$ cat start26.cif   # mmCIF, C-alpha atoms
data_upload
#
loop_
_atom_site.label_atom_id
_atom_site.label_comp_id
_atom_site.auth_asym_id
_atom_site.auth_seq_id
_atom_site.Cartn_x
_atom_site.Cartn_y
_atom_site.Cartn_z
CA MET A 15 -5.34 37.07 -24.29
CA GLU A 16 -2.23 36.61 -26.40
CA HIS A 17 -1.41 33.69 -24.20
CA SER A 18 -4.53 31.71 -25.11
CA VAL A 19 -2.71 30.09 -28.04
CA GLN A 20 0.62 29.47 -26.38
CA GLU A 21 -0.15 29.00 -22.74
CA VAL A 22 3.07 27.20 -21.89
CA THR A 23 4.64 29.32 -19.18
CA PHE A 24 6.88 26.85 -17.41
CA HIS A 25 10.20 27.52 -19.12
CA HIS A 26 12.95 27.76 -16.55
CA GLU A 27 16.10 29.60 -17.46
CA PRO A 28 18.73 27.12 -18.65
CA GLY A 29 21.52 28.65 -16.59
CA GLY A 30 25.19 28.15 -17.29
CA SER A 31 28.30 27.09 -15.41
CA GLU A 32 26.99 28.52 -12.12
CA VAL A 33 24.37 25.75 -12.08
CA VAL A 34 27.11 23.10 -12.33
CA LYS A 35 29.03 24.93 -9.60
CA LYS A 36 25.98 24.82 -7.35
CA ILE A 37 25.56 21.08 -8.04
CA ILE A 38 29.21 20.40 -7.16
CA LYS A 39 28.93 22.50 -4.01
CA THR A 40 25.80 20.60 -2.92
CA THR A 41 27.51 17.26 -3.64
CA ILE A 42 30.40 18.25 -1.37
CA ILE A 43 27.99 19.40 1.38
CA LEU A 44 26.04 16.11 1.20
CA SER A 45 29.24 14.03 1.29
CA VAL A 46 30.69 15.95 4.24
CA ILE A 47 27.43 15.65 6.22
CA THR A 48 27.35 11.90 5.51
CA ILE A 49 30.96 11.51 6.70
CA ILE A 50 30.17 13.44 9.90
CA GLU A 51 27.11 11.24 10.49
CA LEU A 52 29.18 8.11 9.98
CA GLY A 53 31.85 9.41 12.33
CA MET A 54 29.25 9.97 15.04
CA GLY A 55 27.63 6.57 14.39
CA LEU A 56 31.01 4.85 14.71
CA ALA A 57 31.94 6.89 17.79
CA MET A 58 28.82 5.55 19.54
CA TYR A 59 30.09 2.05 18.80
CA ALA A 60 33.80 2.56 19.47
CA PHE A 61 33.69 4.52 22.74
CA PRO A 62 31.61 3.64 25.78
CA MET A 63 29.46 6.66 26.60
CA ALA A 64 26.57 7.69 28.82
CA ALA A 65 23.03 7.07 27.54
CA GLY A 66 22.32 10.82 27.58
CA LEU A 67 25.30 11.64 25.37
CA LYS A 68 24.34 8.82 23.00
CA LEU A 69 20.81 10.20 22.74
CA PHE A 70 22.24 13.66 22.07
CA LEU A 71 24.46 12.33 19.25
CA LYS A 72 21.48 10.50 17.75
CA GLY A 73 19.49 13.76 17.85
CA VAL A 74 22.31 15.58 16.04
CA ILE A 75 22.41 12.81 13.38
CA VAL A 76 18.63 13.20 12.85
CA ILE A 77 19.01 16.97 12.39
CA LEU A 78 21.92 16.45 9.95
CA SER A 79 19.76 14.01 7.95
CA LEU A 80 16.99 16.60 7.73
CA LEU A 81 19.60 19.07 6.46
CA LYS A 82 20.58 16.52 3.78
CA ALA A 83 16.90 16.13 2.84
CA PHE A 84 16.63 19.93 2.56
CA TYR A 85 19.57 20.08 0.13
CA ILE A 86 18.33 17.14 -1.99
CA VAL A 87 14.80 18.55 -2.30
CA GLY A 88 15.81 22.20 -2.61
CA VAL A 89 18.75 21.93 -5.00
CA PHE A 90 18.65 18.54 -6.77
CA MET A 91 14.87 18.49 -7.15
CA HIS A 92 14.78 22.27 -7.79
CA LEU A 93 11.83 22.75 -5.43
CA GLY A 94 13.45 25.99 -4.27
CA GLU A 95 13.06 27.42 -7.78
CA GLU A 96 9.33 26.69 -8.03
CA ILE A 97 6.51 29.11 -7.26
CA LYS A 98 5.84 29.61 -3.55
CA THR A 99 2.26 28.29 -3.71
CA LEU A 100 3.53 25.04 -5.26
CA ILE A 101 6.18 24.69 -2.55
CA MET A 102 3.47 25.19 0.09
CA THR A 103 1.18 22.50 -1.38
CA ILE A 104 4.08 20.05 -0.94
CA ILE A 105 5.44 21.21 2.42
CA VAL A 106 2.22 21.92 4.35
CA PRO A 107 0.77 18.35 4.07
CA LEU A 108 4.16 16.99 5.20
CA MET A 109 3.65 18.84 8.50
CA LEU A 110 1.42 15.89 9.40
CA PHE A 111 4.66 14.02 10.05
CA ILE A 112 5.26 16.09 13.19
CA TRP A 113 2.19 14.58 14.84
CA PHE A 114 2.69 11.23 13.10
CA ILE A 115 6.20 10.70 14.49
CA ALA A 116 5.57 12.16 17.96
CA ALA A 117 2.32 10.25 18.57
CA PHE A 118 3.55 6.85 17.44
CA LEU A 119 6.94 6.95 19.16
CA TRP A 120 5.12 8.05 22.34
CA ASP A 121 2.77 5.11 21.87
CA GLY A 122 5.68 2.70 21.43
CA ASN A 123 7.38 4.01 24.56
CA SER A 124 4.15 3.79 26.57
CA TRP A 125 3.78 0.18 25.43
CA LYS A 126 7.25 -0.59 26.75
CA VAL A 127 6.58 1.09 30.10
CA LEU A 128 3.26 -0.70 30.51
CA ARG A 129 4.80 -4.08 29.68
CA ASN A 130 7.74 -3.54 32.02
CA THR A 131 5.57 -2.43 34.96
CA TYR A 132 2.70 -4.83 34.36
CA ASN A 133 1.95 -7.04 37.34
CA PRO A 134 -0.63 -9.74 36.56
CA LYS A 135 -1.27 -10.42 40.28
CA ALA A 136 -2.02 -6.78 41.10
CA ALA A 137 -4.24 -6.55 38.06
CA THR A 138 -6.43 -9.46 39.25
CA GLU A 139 -6.67 -8.05 42.79
CA VAL A 140 -7.93 -4.72 41.48
CA HIS A 141 -10.38 -6.57 39.31
CA THR A 142 -11.84 -8.68 42.19
CA GLU A 143 -12.04 -5.64 44.51
CA GLY A 144 -13.95 -3.84 41.84
CA GLY A 145 -16.32 -6.81 41.53
CA LYS A 146 -17.25 -6.75 45.26
CA HIS A 147 -18.72 -3.28 45.13
CA MET B 48 0.85 44.59 -23.09
CA ALA B 49 1.55 41.01 -22.19
CA THR B 50 5.30 41.53 -21.87
CA ALA B 51 4.79 44.69 -19.83
CA GLY B 52 2.44 42.76 -17.53
CA ALA B 53 4.98 39.95 -17.16
CA GLN B 54 7.66 42.42 -16.22
CA MET B 55 5.57 44.07 -13.54
CA GLU B 56 3.86 41.28 -11.69
CA THR B 57 2.58 38.02 -13.14
CA LYS B 58 -1.00 37.26 -12.17
CA TRP B 59 -0.71 33.48 -11.95
CA TRP B 60 -4.37 32.90 -11.19
CA SER B 61 -5.88 35.17 -13.85
CA GLY B 62 -6.27 32.25 -16.26
CA GLY B 63 -4.64 31.22 -19.50
CA LYS B 64 -1.54 29.85 -17.83
CA SER B 65 -0.43 27.17 -15.40
CA PRO B 66 -0.82 28.81 -11.96
CA PHE B 67 2.00 26.72 -10.50
CA ASN B 68 4.21 27.42 -13.54
CA VAL B 69 4.89 23.71 -14.03
CA GLU B 70 3.71 21.20 -16.54
CA TYR B 71 0.84 18.93 -15.48
CA GLY B 72 2.95 15.75 -15.39
CA LYS B 73 5.63 17.36 -13.26
CA LEU B 74 3.09 18.68 -10.76
CA MET B 75 1.49 15.26 -10.50
CA MET B 76 4.93 13.68 -10.04
CA TRP B 77 5.42 16.00 -7.05
CA TYR B 78 2.09 14.95 -5.55
CA PHE B 79 2.82 11.28 -6.19
CA LEU B 80 6.17 11.67 -4.42
CA MET B 81 4.45 13.40 -1.50
CA SER B 82 2.06 10.46 -1.13
CA ASP B 83 4.98 8.04 -1.47
CA ALA B 84 6.75 9.95 1.29
CA PHE B 85 3.78 9.13 3.52
CA THR B 86 3.99 5.46 2.57
CA PHE B 87 7.67 5.28 3.49
CA GLY B 88 7.01 7.48 6.50
CA ALA B 89 4.33 5.09 7.76
CA PHE B 90 6.70 2.13 7.39
CA LEU B 91 9.57 3.86 9.17
CA ILE B 92 7.33 5.21 11.94
CA SER B 93 5.85 1.74 12.48
CA TYR B 94 9.42 0.44 12.79
CA GLY B 95 10.15 3.24 15.26
CA THR B 96 7.07 2.40 17.33
CA ILE B 97 8.10 -1.25 17.65
CA ARG B 98 11.68 -0.27 18.40
CA PHE B 99 10.58 2.15 21.13
CA SER B 100 8.45 -0.60 22.66
CA GLN B 101 11.39 -3.00 23.03
CA ASN B 102 13.83 -3.10 25.92
CA TYR B 103 16.54 -4.47 23.65
CA TRP B 104 17.32 -3.67 20.03
CA PRO B 105 20.38 -4.91 18.04
CA ASP B 106 23.27 -2.46 17.52
CA PRO B 107 23.54 -1.73 13.75
CA ASN B 108 27.34 -1.49 14.10
CA VAL B 109 27.38 -5.15 15.11
CA VAL B 110 24.85 -6.37 12.53
CA PHE B 111 26.22 -4.51 9.50
CA ASN B 112 29.96 -5.00 9.79
CA ALA B 113 30.82 -7.07 6.71
CA PHE B 114 32.40 -6.02 3.42
CA PRO B 115 32.70 -8.11 0.22
CA PHE B 116 36.02 -9.98 -0.07
CA ALA B 117 37.07 -8.77 3.40
CA GLY B 118 36.36 -12.11 5.10
CA HIS B 119 35.47 -11.77 8.77
CA ALA B 120 37.07 -8.34 9.20
CA ASN B 121 35.04 -6.12 11.55
CA LEU B 122 34.18 -3.11 9.36
CA PRO B 123 31.07 -1.54 10.87
CA LEU B 124 28.96 0.53 8.44
CA ALA B 125 31.69 0.50 5.75
CA PHE B 126 29.65 -1.26 3.09
CA VAL B 127 26.47 0.73 3.69
CA SER B 128 28.53 3.95 3.47
CA LEU B 129 29.70 2.81 0.04
CA MET B 130 26.05 2.21 -0.95
CA THR B 131 25.10 5.68 0.32
CA PHE B 132 27.85 7.33 -1.71
CA ILE B 133 26.89 5.36 -4.84
CA LEU B 134 23.32 6.67 -4.50
CA ILE B 135 24.44 10.27 -3.83
CA VAL B 136 26.74 10.19 -6.88
CA SER B 137 23.99 8.73 -9.09
CA SER B 138 21.73 11.54 -7.87
CA VAL B 139 24.38 14.06 -8.92
CA THR B 140 24.72 12.52 -12.39
CA MET B 141 20.92 12.70 -12.67
CA VAL B 142 20.97 16.45 -11.89
CA LEU B 143 23.61 16.86 -14.58
CA ALA B 144 21.36 14.97 -17.05
CA VAL B 145 18.47 17.32 -16.20
CA HIS B 146 20.82 20.28 -16.59
CA ALA B 147 21.94 19.00 -20.01
CA GLY B 148 18.24 18.63 -20.89
CA HIS B 149 17.63 22.30 -20.04
CA LYS B 150 20.29 23.18 -22.59
CA ASN B 151 18.76 20.73 -25.16
CA ASP B 152 22.11 18.94 -25.16
CA LYS B 153 21.15 15.44 -26.32
CA ALA B 154 24.67 13.94 -26.08
CA GLY B 155 24.98 15.29 -22.51
CA VAL B 156 21.64 13.78 -21.47
CA VAL B 157 22.62 10.40 -22.92
CA LYS B 158 26.02 10.45 -21.19
CA TRP B 159 24.68 11.39 -17.73
CA MET B 160 21.68 9.05 -17.98
CA ILE B 161 24.04 6.14 -18.66
CA TRP B 162 26.08 7.04 -15.55
CA THR B 163 22.89 7.30 -13.49
CA ILE B 164 21.73 3.88 -14.65
CA ILE B 165 25.15 2.40 -13.82
CA GLY B 166 24.92 3.93 -10.33
CA GLY B 167 21.45 2.46 -9.81
CA ILE B 168 22.54 -1.00 -10.91
CA ALA B 169 25.63 -0.77 -8.67
CA PHE B 170 23.42 0.12 -5.68
CA LEU B 171 21.07 -2.79 -6.38
CA SER B 172 24.03 -5.18 -6.68
CA CYS B 173 25.35 -3.99 -3.32
CA GLN B 174 21.94 -4.52 -1.75
CA ALA B 175 21.73 -8.02 -3.24
CA TRP B 176 25.10 -8.84 -1.65
CA GLU B 177 24.08 -7.37 1.70
CA TRP B 178 20.82 -9.34 1.81
CA THR B 179 22.58 -12.55 0.79
CA HIS B 180 25.22 -12.01 3.46
CA LEU B 181 22.60 -11.39 6.17
CA ILE B 182 20.44 -14.39 5.22
CA MET B 183 23.31 -16.83 4.66
CA GLY B 184 25.70 -15.55 7.37
CA ASP B 185 25.35 -17.98 10.28
CA HIS B 186 25.82 -16.99 13.91
CA ALA B 187 25.74 -19.26 16.93
CA VAL B 188 22.76 -18.65 19.22
CA MET B 189 21.14 -20.42 22.14
CA ILE B 190 17.66 -21.68 21.25
CA ASN B 191 15.82 -23.73 23.91
CA GLY B 192 19.08 -24.67 25.62
CA GLN B 193 20.77 -25.78 22.38
CA ILE B 194 23.34 -23.95 20.28
CA GLU B 195 22.12 -23.42 16.71
CA ASN B 196 23.60 -21.55 13.77
CA ILE B 197 21.06 -19.22 12.21
CA GLY B 198 21.08 -16.32 9.74
CA THR B 199 18.86 -13.23 9.64
CA THR B 200 15.38 -13.88 8.24
CA VAL B 201 11.92 -12.45 8.78
CA THR B 202 11.12 -15.16 11.34
CA ARG B 203 14.28 -15.12 13.47
CA ASN B 204 17.68 -13.54 13.74
CA PRO B 205 20.81 -14.05 15.83
CA TRP B 206 21.15 -10.45 17.06
CA GLY B 207 19.90 -10.81 20.64
CA PRO B 208 21.93 -10.12 23.80
CA ALA B 209 24.91 -12.42 24.50
CA ALA B 210 24.17 -15.75 26.20
CA ASN B 211 26.16 -16.84 29.25
CA VAL B 212 27.91 -19.62 27.33
CA ALA B 213 30.78 -19.89 24.87
CA ALA B 214 30.99 -22.26 21.91
CA HIS B 215 33.68 -24.97 21.70
CA ASP B 216 35.81 -22.78 19.42
CA GLY B 217 35.56 -19.82 21.81
CA HIS B 218 33.16 -17.88 19.57
CA HIS B 219 30.49 -15.72 21.16
CA VAL B 220 27.10 -17.30 21.53
CA GLY B 221 24.13 -14.98 21.36
CA THR B 222 20.41 -15.32 21.72
CA THR B 223 17.70 -14.66 19.16
CA GLY B 224 16.98 -10.98 18.64
CA PRO B 225 13.62 -9.18 18.37
CA VAL B 226 11.55 -10.99 15.72
CA ALA B 227 10.49 -7.67 14.16
CA PHE B 228 14.09 -6.76 13.30
CA GLY B 229 14.32 -8.95 10.18
CA GLY B 230 10.81 -8.16 8.96
CA TYR B 231 11.30 -4.41 9.18
CA PHE B 232 14.80 -4.49 7.74
CA PHE B 233 13.95 -6.64 4.72
CA GLY B 234 10.53 -5.05 4.29
CA ILE B 235 11.67 -1.44 4.24
CA THR B 236 15.01 -1.84 2.46
CA GLY B 237 13.21 -4.16 0.03
CA PHE B 238 10.49 -1.58 -0.63
CA HIS B 239 13.21 1.02 -1.19
CA GLY B 240 15.18 -1.38 -3.40
CA PHE B 241 12.05 -1.97 -5.48
CA HIS B 242 11.82 1.81 -5.95
CA VAL B 243 15.45 1.85 -7.09
CA LEU B 244 14.72 -1.00 -9.50
CA SER B 245 11.70 0.78 -11.00
CA GLY B 246 13.77 4.00 -11.14
CA VAL B 247 16.46 2.17 -13.13
CA VAL B 248 13.79 0.82 -15.52
CA ILE B 249 12.30 4.33 -15.94
CA ASN B 250 15.79 5.75 -16.55
CA ILE B 251 16.52 3.08 -19.17
CA VAL B 252 13.23 3.97 -20.95
CA MET B 253 14.19 7.67 -20.81
CA LEU B 254 17.66 6.85 -22.20
CA ILE B 255 16.18 4.91 -25.13
CA MET B 256 13.68 7.73 -25.84
CA THR B 257 16.50 10.30 -25.73
CA MET B 258 18.68 8.24 -28.07
CA ASN B 259 15.74 7.88 -30.48
CA GLY B 260 15.43 11.67 -30.52
CA VAL B 261 11.89 11.73 -29.07
CA PHE B 262 12.60 14.68 -26.76
CA GLU B 263 14.67 16.46 -29.41
CA ARG B 264 11.63 16.45 -31.74
CA ARG B 265 9.38 17.47 -28.84
CA GLY B 266 11.62 20.46 -28.20
CA HIS B 267 12.04 19.94 -24.44
CA TYR B 268 13.40 17.39 -21.98
CA LEU B 269 10.66 17.65 -19.35
CA MET B 270 10.39 13.85 -19.16
CA ILE B 271 14.01 13.72 -17.97
CA GLU B 272 13.09 16.20 -15.25
CA LYS B 273 10.18 14.03 -14.11
CA ALA B 274 12.30 10.87 -14.10
CA GLY B 275 14.91 12.94 -12.23
CA LEU B 276 12.38 13.91 -9.53
CA TYR B 277 11.58 10.25 -8.95
CA TRP B 278 15.26 9.31 -8.85
CA HIS B 279 16.11 12.04 -6.33
CA PHE B 280 13.19 10.94 -4.20
CA VAL B 281 14.67 7.44 -4.08
CA ASP B 282 17.93 9.00 -2.87
CA LEU B 283 15.98 11.09 -0.35
CA VAL B 284 14.25 8.02 1.07
CA TRP B 285 17.62 6.30 1.40
CA VAL B 286 18.81 9.20 3.59
CA PHE B 287 16.09 8.24 6.08
CA VAL B 288 16.44 4.46 5.69
CA PHE B 289 20.18 4.91 6.30
CA LEU B 290 19.37 7.06 9.34
CA CYS B 291 16.81 4.71 10.89
CA PHE B 292 18.46 1.34 10.25
CA TYR B 293 22.19 1.99 10.26
CA LEU B 294 23.02 5.16 12.17
CA ILE B 295 20.72 5.35 15.20
#
$ encode --input "start26.cif" --output "structure tokens"
Amino acid sequence: MEHSVQEVTFHHEPGGSEVVKKIIKTTIILSVITIIELGMGLAMYAFPMAAGLKLFLKGVIVILSLLKAFYIVGVFMHLGEEIKTLIMTIIVPLMLFIWFIAAFLWDGNSWKVLRNTYNPKAATEVHTEGGKH
Amino acid sequence: MATAGAQMETKWWSGGKSPFNVEYGKLMMWYFLMSDAFTFGAFLISYGTIRFSQNYWPDPNVVFNAFPFAGHANLPLAFVSLMTFILIVSSVTMVLAVHAGHKNDKAGVVKWMIWTIIGGIAFLSCQAWEWTHLIMGDHAVMINGQIENIGTTVTRNPWGPAANVAAHDGHHVGTTGPVAFGGYFFGITGFHGFHVLSGVVINIVMLIMTMNGVFERRGHYLMIEKAGLYWHFVDLVWVFVFLCFYLI
């Protein structure tokens, strides 16, 4: 009841030098990850390598980028310090991306396969055979 | 009673307080950013779909290998790395501005906001140079049996596989690359660049309001936090633009 007049509850603790330390630490982590990513990107260009290894390196770069996103959102945007229910209302809708990415990349790949294996002559033959029945 | 209750366990949904413990504007900024993430996500996924459907796609190390004042030196990804670091550093200065705001340190907010704005303008300048270089930078390609010099635009680009001919001066002659390459590159980096531009404008407004003592009179620097959320989101999107266009 006492809160009915002053219902502002969202004061976060100011924090002292440890906050700055955390910011500096996160900056270093982000920079190091970026340098590693660049190193891998350049390695794919500089050295001839098998397609499988290249795909593996690309996968590692994607995971490292997600790690960077985690640090930016969690530390710089302070999402980690918010209430759990708030975090969930942000994170849960983003789960849609799992389907979104998988379905559309699958679709793109299927498009490529269909185009590469498409034989106009065979397609007409099937069509005329079907018409005779 | 109230303090004892707060010490034990706060009942966030019992009324009289913000159940998410954030101010309305900040919560709505989070939801706006979530929706914006879907906008960028849709663009990048559409790019991925087209890229997966192509048998050939240009190697970013070959396309993005120029650096200002370095002439024709082959420096793959060097310039875009610089842009990435500029954006990371401006994100850090933004966090420091928010941190100064938590301490009601007006001079600190002003100082770090100025650095953030400088970082944003530096990034935009780099992008302007990169776009200019891509559009104006001619490369010899075979088009309908003739060698033409073309730059990268939304209608055509010179980043196709090598042709089986060499120019008179011994330079490589290529073919035109996938048409979608230019459209996606300029469309998505342009959409991101527009976000950076609006972020810089918002930051300038926040700087002027801080210098006029608006937030000091208000007693809190929540507006700096909200501008900060937007600015970090712009940095976050760049992580994925950098990933999709330059690294893989």
$ resolve_selection --input "start26.cif" --expression "the PyMOL selection byres ((chain A and resi 53) around 12)" --output "list in words"
Val46, Ile47, Thr48, Ile49, Ile50, Glu51, Leu52, Met54, Gly55, Leu56, Ala57, Met58, Tyr59, Ala60, Phe61, Leu71, Lys72, Val74 and Ile75 of chain A; Asn108, Pro123, Leu124, Ala125, Ser128 and Leu294 of chain B
$ residues_around --input "start26.cif" --residues "Asn259 in chain B" --least-positions-apart "5" --cutoff "12 Å" --atoms "all atoms listed in the file" --output "PyMOL selection string"
chain B and resi 153-154+157+252-254+264-265
$ interface_residues --input "start26.cif" --of "chain B" --to "chain A" --cutoff "7 Å" --atoms "only C-alpha atoms" --output "VMD selection string"
chain B and resid 63 to 65 67 to 70 81 92 95 to 97 99 to 101 108 139 142 149 to 150 276 279 283 286 294 to 295
$ closest_residue --input "start26.cif" --among "B:Gly234, B:Gly260, B:Gly167, B:Pro205" --to "Asp185 in chain B" --atoms "all atoms listed in the file"
B:Pro205
$ atom_distance --input "start26.cif" --atom1 "CA of Ile133 in chain B" --atom2 "CA of Trp285 in chain B"
11.2 Å
$ atom_distance --input "start26.cif" --atom1 "CA of Asn250 in chain B" --atom2 "CA of Ile271 in chain B"
8.3 Å
$ atom_distance --input "start26.cif" --atom1 "CA of Gly221 in chain B" --atom2 "CA of Val188 in chain B"
4.5 Å
$ resolve_selection --input "start26.cif" --expression "the PyMOL selection byres ((chain B and resi 170) around 12)" --output "PyMOL selection string"
chain B and resi 126-138+163-169+171-177+236+239-244+246-247+281-282+285
$ axis_aligned_box --input "start26.cif" --around "range 83-100 of chain A" --padding-each-side "5 Å" --output "lines of an AutoDock Vina configuration file"
center_x = 10.9
center_y = 22.9
center_z = -2.6
size_x = 27.3
size_y = 23.5
size_z = 20.9
$ residues_near_point --input "start26.cif" --point "(24.4, -25.6, 20.6)" --cutoff "10 Å" --atoms "all atoms listed in the file" --output "ChimeraX atom specification"
/B:187-196,212-215,220
$ resolve_selection --input "start26.cif" --expression "the PyMOL selection byres ((chain B and resi 184) around 10)" --output "ChimeraX atom specification"
/B:113,178-183,185-186,196-199,205
$ closest_residue --input "start26.cif" --among "B:Ile161, B:Val261, B:Glu56, B:Leu91" --to "Phe289 in chain B" --atoms "all atoms listed in the file"
B:Leu91
$ closest_residue --input "start26.cif" --among "B:Trp77, B:Tyr71, B:Trp206, B:Trp59" --to "Gly224 in chain B" --atoms "all atoms listed in the file"
B:Trp206
$ decode --input "start26.cif" --residues "range 119-131 of chain A" --atoms "N, CA, C and O atoms" --output "PDB file, in the first residue's frame"
ATOM      1  N   LEU A 119      16.837 -22.026 -45.354  1.00  0.00           N
ATOM      2  CA  LEU A 119      18.082 -22.483 -45.971  1.00  0.00           C
ATOM      3  C   LEU A 119      17.845 -23.828 -46.666  1.00  0.00           C
ATOM      4  O   LEU A 119      18.371 -24.094 -47.743  1.00  0.00           O
ATOM      5  N   TRP A 120      17.022 -24.664 -46.052  1.00  0.00           N
ATOM      6  CA  TRP A 120      16.632 -25.956 -46.641  1.00  0.00           C
ATOM      7  C   TRP A 120      15.940 -25.700 -47.977  1.00  0.00           C
ATOM      8  O   TRP A 120      16.226 -26.352 -48.993  1.00  0.00           O
ATOM      9  N   ASP A 121      15.040 -24.729 -47.975  1.00  0.00           N
ATOM     10  CA  ASP A 121      14.308 -24.378 -49.185  1.00  0.00           C
ATOM     11  C   ASP A 121      15.263 -23.919 -50.287  1.00  0.00           C
ATOM     12  O   ASP A 121      15.148 -24.340 -51.437  1.00  0.00           O
ATOM     13  N   GLY A 122      16.222 -23.053 -49.899  1.00  0.00           N
ATOM     14  CA  GLY A 122      17.197 -22.564 -50.878  1.00  0.00           C
ATOM     15  C   GLY A 122      17.994 -23.702 -51.475  1.00  0.00           C
ATOM     16  O   GLY A 122      18.206 -23.782 -52.687  1.00  0.00           O
ATOM     17  N   ASN A 123      18.434 -24.625 -50.605  1.00  0.00           N
ATOM     18  CA  ASN A 123      19.227 -25.760 -51.062  1.00  0.00           C
ATOM     19  C   ASN A 123      18.405 -26.660 -51.992  1.00  0.00           C
ATOM     20  O   ASN A 123      18.896 -27.107 -53.036  1.00  0.00           O
ATOM     21  N   SER A 124      17.140 -26.874 -51.632  1.00  0.00           N
ATOM     22  CA  SER A 124      16.272 -27.724 -52.450  1.00  0.00           C
ATOM     23  C   SER A 124      16.068 -27.104 -53.828  1.00  0.00           C
ATOM     24  O   SER A 124      16.062 -27.791 -54.852  1.00  0.00           O
ATOM     25  N   TRP A 125      15.985 -25.792 -53.867  1.00  0.00           N
ATOM     26  CA  TRP A 125      15.849 -25.039 -55.113  1.00  0.00           C
ATOM     27  C   TRP A 125      17.062 -25.307 -56.008  1.00  0.00           C
ATOM     28  O   TRP A 125      16.938 -25.577 -57.207  1.00  0.00           O
ATOM     29  N   LYS A 126      18.238 -25.266 -55.393  1.00  0.00           N
ATOM     30  CA  LYS A 126      19.468 -25.505 -56.152  1.00  0.00           C
ATOM     31  C   LYS A 126      19.476 -26.929 -56.716  1.00  0.00           C
ATOM     32  O   LYS A 126      19.756 -27.136 -57.901  1.00  0.00           O
ATOM     33  N   VAL A 127      19.146 -27.887 -55.868  1.00  0.00           N
ATOM     34  CA  VAL A 127      19.165 -29.291 -56.298  1.00  0.00           C
ATOM     35  C   VAL A 127      18.175 -29.506 -57.435  1.00  0.00           C
ATOM     36  O   VAL A 127      18.494 -30.129 -58.450  1.00  0.00           O
ATOM     37  N   LEU A 128      16.981 -28.947 -57.281  1.00  0.00           N
ATOM     38  CA  LEU A 128      15.964 -29.112 -58.322  1.00  0.00           C
ATOM     39  C   LEU A 128      16.417 -28.493 -59.635  1.00  0.00           C
ATOM     40  O   LEU A 128      16.262 -29.080 -60.702  1.00  0.00           O
ATOM     41  N   ARG A 129      17.018 -27.306 -59.564  1.00  0.00           N
ATOM     42  CA  ARG A 129      17.469 -26.635 -60.781  1.00  0.00           C
ATOM     43  C   ARG A 129      18.592 -27.420 -61.445  1.00  0.00           C
ATOM     44  O   ARG A 129      18.636 -27.571 -62.665  1.00  0.00           O
ATOM     45  N   ASN A 130      19.510 -27.941 -60.627  1.00  0.00           N
ATOM     46  CA  ASN A 130      20.653 -28.663 -61.184  1.00  0.00           C
ATOM     47  C   ASN A 130      20.252 -29.999 -61.797  1.00  0.00           C
ATOM     48  O   ASN A 130      20.912 -30.487 -62.710  1.00  0.00           O
ATOM     49  N   THR A 131      19.208 -30.632 -61.263  1.00  0.00           N
ATOM     50  CA  THR A 131      18.828 -31.956 -61.758  1.00  0.00           C
ATOM     51  C   THR A 131      17.648 -31.898 -62.718  1.00  0.00           C
ATOM     52  O   THR A 131      17.203 -32.915 -63.226  1.00  0.00           O
TER      53      THR A 131
END
